[in-house]
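Let me begin by presenting the structure, written as structure tokens, before commenting on it.
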Amino acid sequence: MSAAPAHDCPLCPRLVAYRTANRAANPGWHNGPVPSWGPRDAPLLVLGLAPGVRGANRTGRPFTGDYAGRLLYGTLLKFGQARGEFREDPNDGMELTGCRIANAVRCVPPENLPTPAEIRTCNGFLQAELAAMPGLRAVLALGVVAHNALLRAKGIPASRHAFAHGAIHVLPDGLMLADSYHVSRYNTSTRRLTPEMFEAAVEALLARLG
């Protein structure tokens, strides 16, 4: 399987129907599977859940155009994993330097929540993404869905590595799987995830990467 689904990927009927409705309502938006972003030779992959309808589904760049990107990209810039300025616009000139970003599910789901079947269907693209990153040493999973999707892509039962914010799991092949609560507006507004908590999780992982 290719690492990137086609713009009219037909694999998930519910997501296709939602995409079709979004295209009719907002024809100027990206409205398709959102491609991964960043250098393929990076040692770190940041793995999110799925595109937001008015964020990456609109702009075509992961975590761009809605609130979630502010904390993510601000932190990546702070710790030298990106350069430039994040302005919630794919034309802002910002570049990723030390990491690549992908989503467990490439298409926007209704209510921001993919079904288990959609997560399984899209997992083949994640497997291909991992295989196409020759220098990959760590994955930062944003939330339990991304955590479990990564384990599925590696053929590891989820029961072997429970999600926990700040945890770093070493998988049998040596890949590090680091966990953080998702950088969503809900998590940050409820203080489930604070900027300090997220920065600490990223800093600890980067320290392990050396």
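Naming works like this for the structure tokens: A, B, ... for the chains as they're shown, residue 1 at the start of each chain, ligands 1 onward in shown order.
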
**OP:** Name the residues of segment 38-190 of chain A that fall into alpha helix (DSSP H) according to DSSP on the backbone, using the chain letters and numbers of this document, as number ranges by chain.
**Re:** A: 56-59, 68-78, 116-131, 144-153, 185-189

Select from segment 35-55 of chain A every residue with an atom at most 10 Å from any atom of segment 75-94 of chain A, then for each give the shortest pair of atoms and their distance in Å to one decimal, using only C-alpha atoms, rows by chain and rising number, as CSV.
```
residue,atom,partner,partner_atom,distance
A:Gly38,CA,A:Ala82,CA,9.3
A:Ala42,CA,A:Gln81,CA,9.7
A:Leu44,CA,A:Gln81,CA,9.4
A:Gly55,CA,A:Glu88,CA,8.5
```

Given only C-alpha atoms, how would the per-residue table for segment 6-80 of chain A near segment 126-133 of chain A read, listing every residue at most 9 Å away with its closest atom pair and distance in Å to one decimal, sorted by chain and number, as CSV?
```
residue,atom,partner,partner_atom,distance
A:Ser36,CA,A:Glu129,CA,8.5
A:Pro39,CA,A:Met133,CA,8.7
A:Arg40,CA,A:Met133,CA,5.1
A:Asp41,CA,A:Met133,CA,5.6
A:Ala42,CA,A:Met133,CA,7.2
A:Pro43,CA,A:Met133,CA,7.9
A:Leu45,CA,A:Leu130,CA,8.5
```

Subject >> Residue with smallest distance to Cys122 of chain A - pool A:Arg70, A:Trp29, A:His147, A:Cys9, counting only C-alpha atoms >> reply: A:Cys9

All strand (DSSP E or B) residues (DSSP, backbone) inside segment 53-168 of chain A, as a PDB file with C-alpha atoms, in the first residue's frame:
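What landed in states29.pdb:
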```
ATOM      1  CA  ALA A  82      10.867  23.424  13.098  1.00  0.00           C
ATOM      2  CA  ARG A  83      11.887  26.835  11.840  1.00  0.00           C
ATOM      3  CA  GLU A  95       9.381  24.199   7.861  1.00  0.00           C
ATOM      4  CA  LEU A  96       9.710  21.038   9.903  1.00  0.00           C
ATOM      5  CA  CYS A  99      10.238  15.579  12.653  1.00  0.00           C
ATOM      6  CA  ARG A 100       7.441  14.524  10.344  1.00  0.00           C
ATOM      7  CA  ILE A 101       3.717  14.715  11.133  1.00  0.00           C
ATOM      8  CA  ALA A 102       1.001  12.239  10.175  1.00  0.00           C
ATOM      9  CA  ASN A 103      -2.460  11.234  11.337  1.00  0.00           C
ATOM     10  CA  ALA A 138      10.599   7.531  17.868  1.00  0.00           C
ATOM     11  CA  VAL A 139       6.887   8.251  17.515  1.00  0.00           C
ATOM     12  CA  LEU A 140       5.086  10.835  19.637  1.00  0.00           C
ATOM     13  CA  ALA A 141       1.465   9.677  19.854  1.00  0.00           C
ATOM     14  CA  LEU A 142      -1.054  12.413  20.544  1.00  0.00           C
ATOM     15  CA  ILE A 168       7.947   6.345  26.793  1.00  0.00           C
TER      16      ILE A 168
END
```

**OP:** Please identify all polymer residues within 7 Å of Asn57 of chain A, counting only C-alpha atoms, omitting same-chain residues fewer than 5 positions from it, and present them as a ChimeraX atom specification.
**Re:** /A:30-32,34,51-52,108

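Considering only C-alpha atoms, the residue among A:Pro109, A:Thr190, A:Pro35, A:Val202 positioned nearest to Tyr73 of chain A is A:Val202.
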
Original post:
In Å, with one decimal, what is the gap from atom CA of Arg137 of chain A to atom CA of Thr59 of chain A?
Top reply: 28.7 Å

**OP:** Please identify all polymer residues within 9 Å of Leu175 of chain A, counting only C-alpha atoms, omitting same-chain residues fewer than 2 positions from it, and present them as an NGL selection string.
**Re:** :A and (136-139 or 169-173 or 177)

Expected file: the selected residues, C-alpha atoms, as a PDB file, in the first residue's frame:
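Final file, selection-v1.pdb:
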```
ATOM      1  CA  LEU A 136      12.761   6.676  12.324  1.00  0.00           C
ATOM      2  CA  ARG A 137      13.637   6.214  15.992  1.00  0.00           C
ATOM      3  CA  ALA A 138      10.599   7.531  17.868  1.00  0.00           C
ATOM      4  CA  VAL A 139       6.887   8.251  17.515  1.00  0.00           C
ATOM      5  CA  HIS A 169       7.640   2.729  25.672  1.00  0.00           C
ATOM      6  CA  VAL A 170      10.478   0.901  23.924  1.00  0.00           C
ATOM      7  CA  LEU A 171       9.071  -1.519  21.350  1.00  0.00           C
ATOM      8  CA  PRO A 172      10.732  -4.819  20.431  1.00  0.00           C
ATOM      9  CA  ASP A 173      12.477  -3.336  17.382  1.00  0.00           C
ATOM     10  CA  LEU A 177       6.662   5.268  21.489  1.00  0.00           C
TER      11      LEU A 177
END
```

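Between atom CA of Ala207 of chain A and atom CA of Thr64 of chain A the interatomic distance comes to 26.5 Å.
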
Original post:
Interatomic distance between atom CA of Thr20 of chain A and atom CA of Ala56 of chain A?
Top reply: 16.1 Å

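Minimum distance to Ser180 of chain A across A:Glu118, A:Asp8, A:Glu203, A:Glu111 (counting only C-alpha atoms) occurs at A:Glu203.
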
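Here the question is which of A:Leu206, A:Ile156, A:Val53, A:Val145 gets nearest to Arg23 of chain A using only C-alpha atoms, and that residue is A:Val53.
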
**OP:** May I ask which of the residues A:Pro13, A:Gly174, A:Gly48, A:Gly166 is the closest one to Ala204 of chain A, counting only C-alpha atoms?
**Re:** A:Gly166
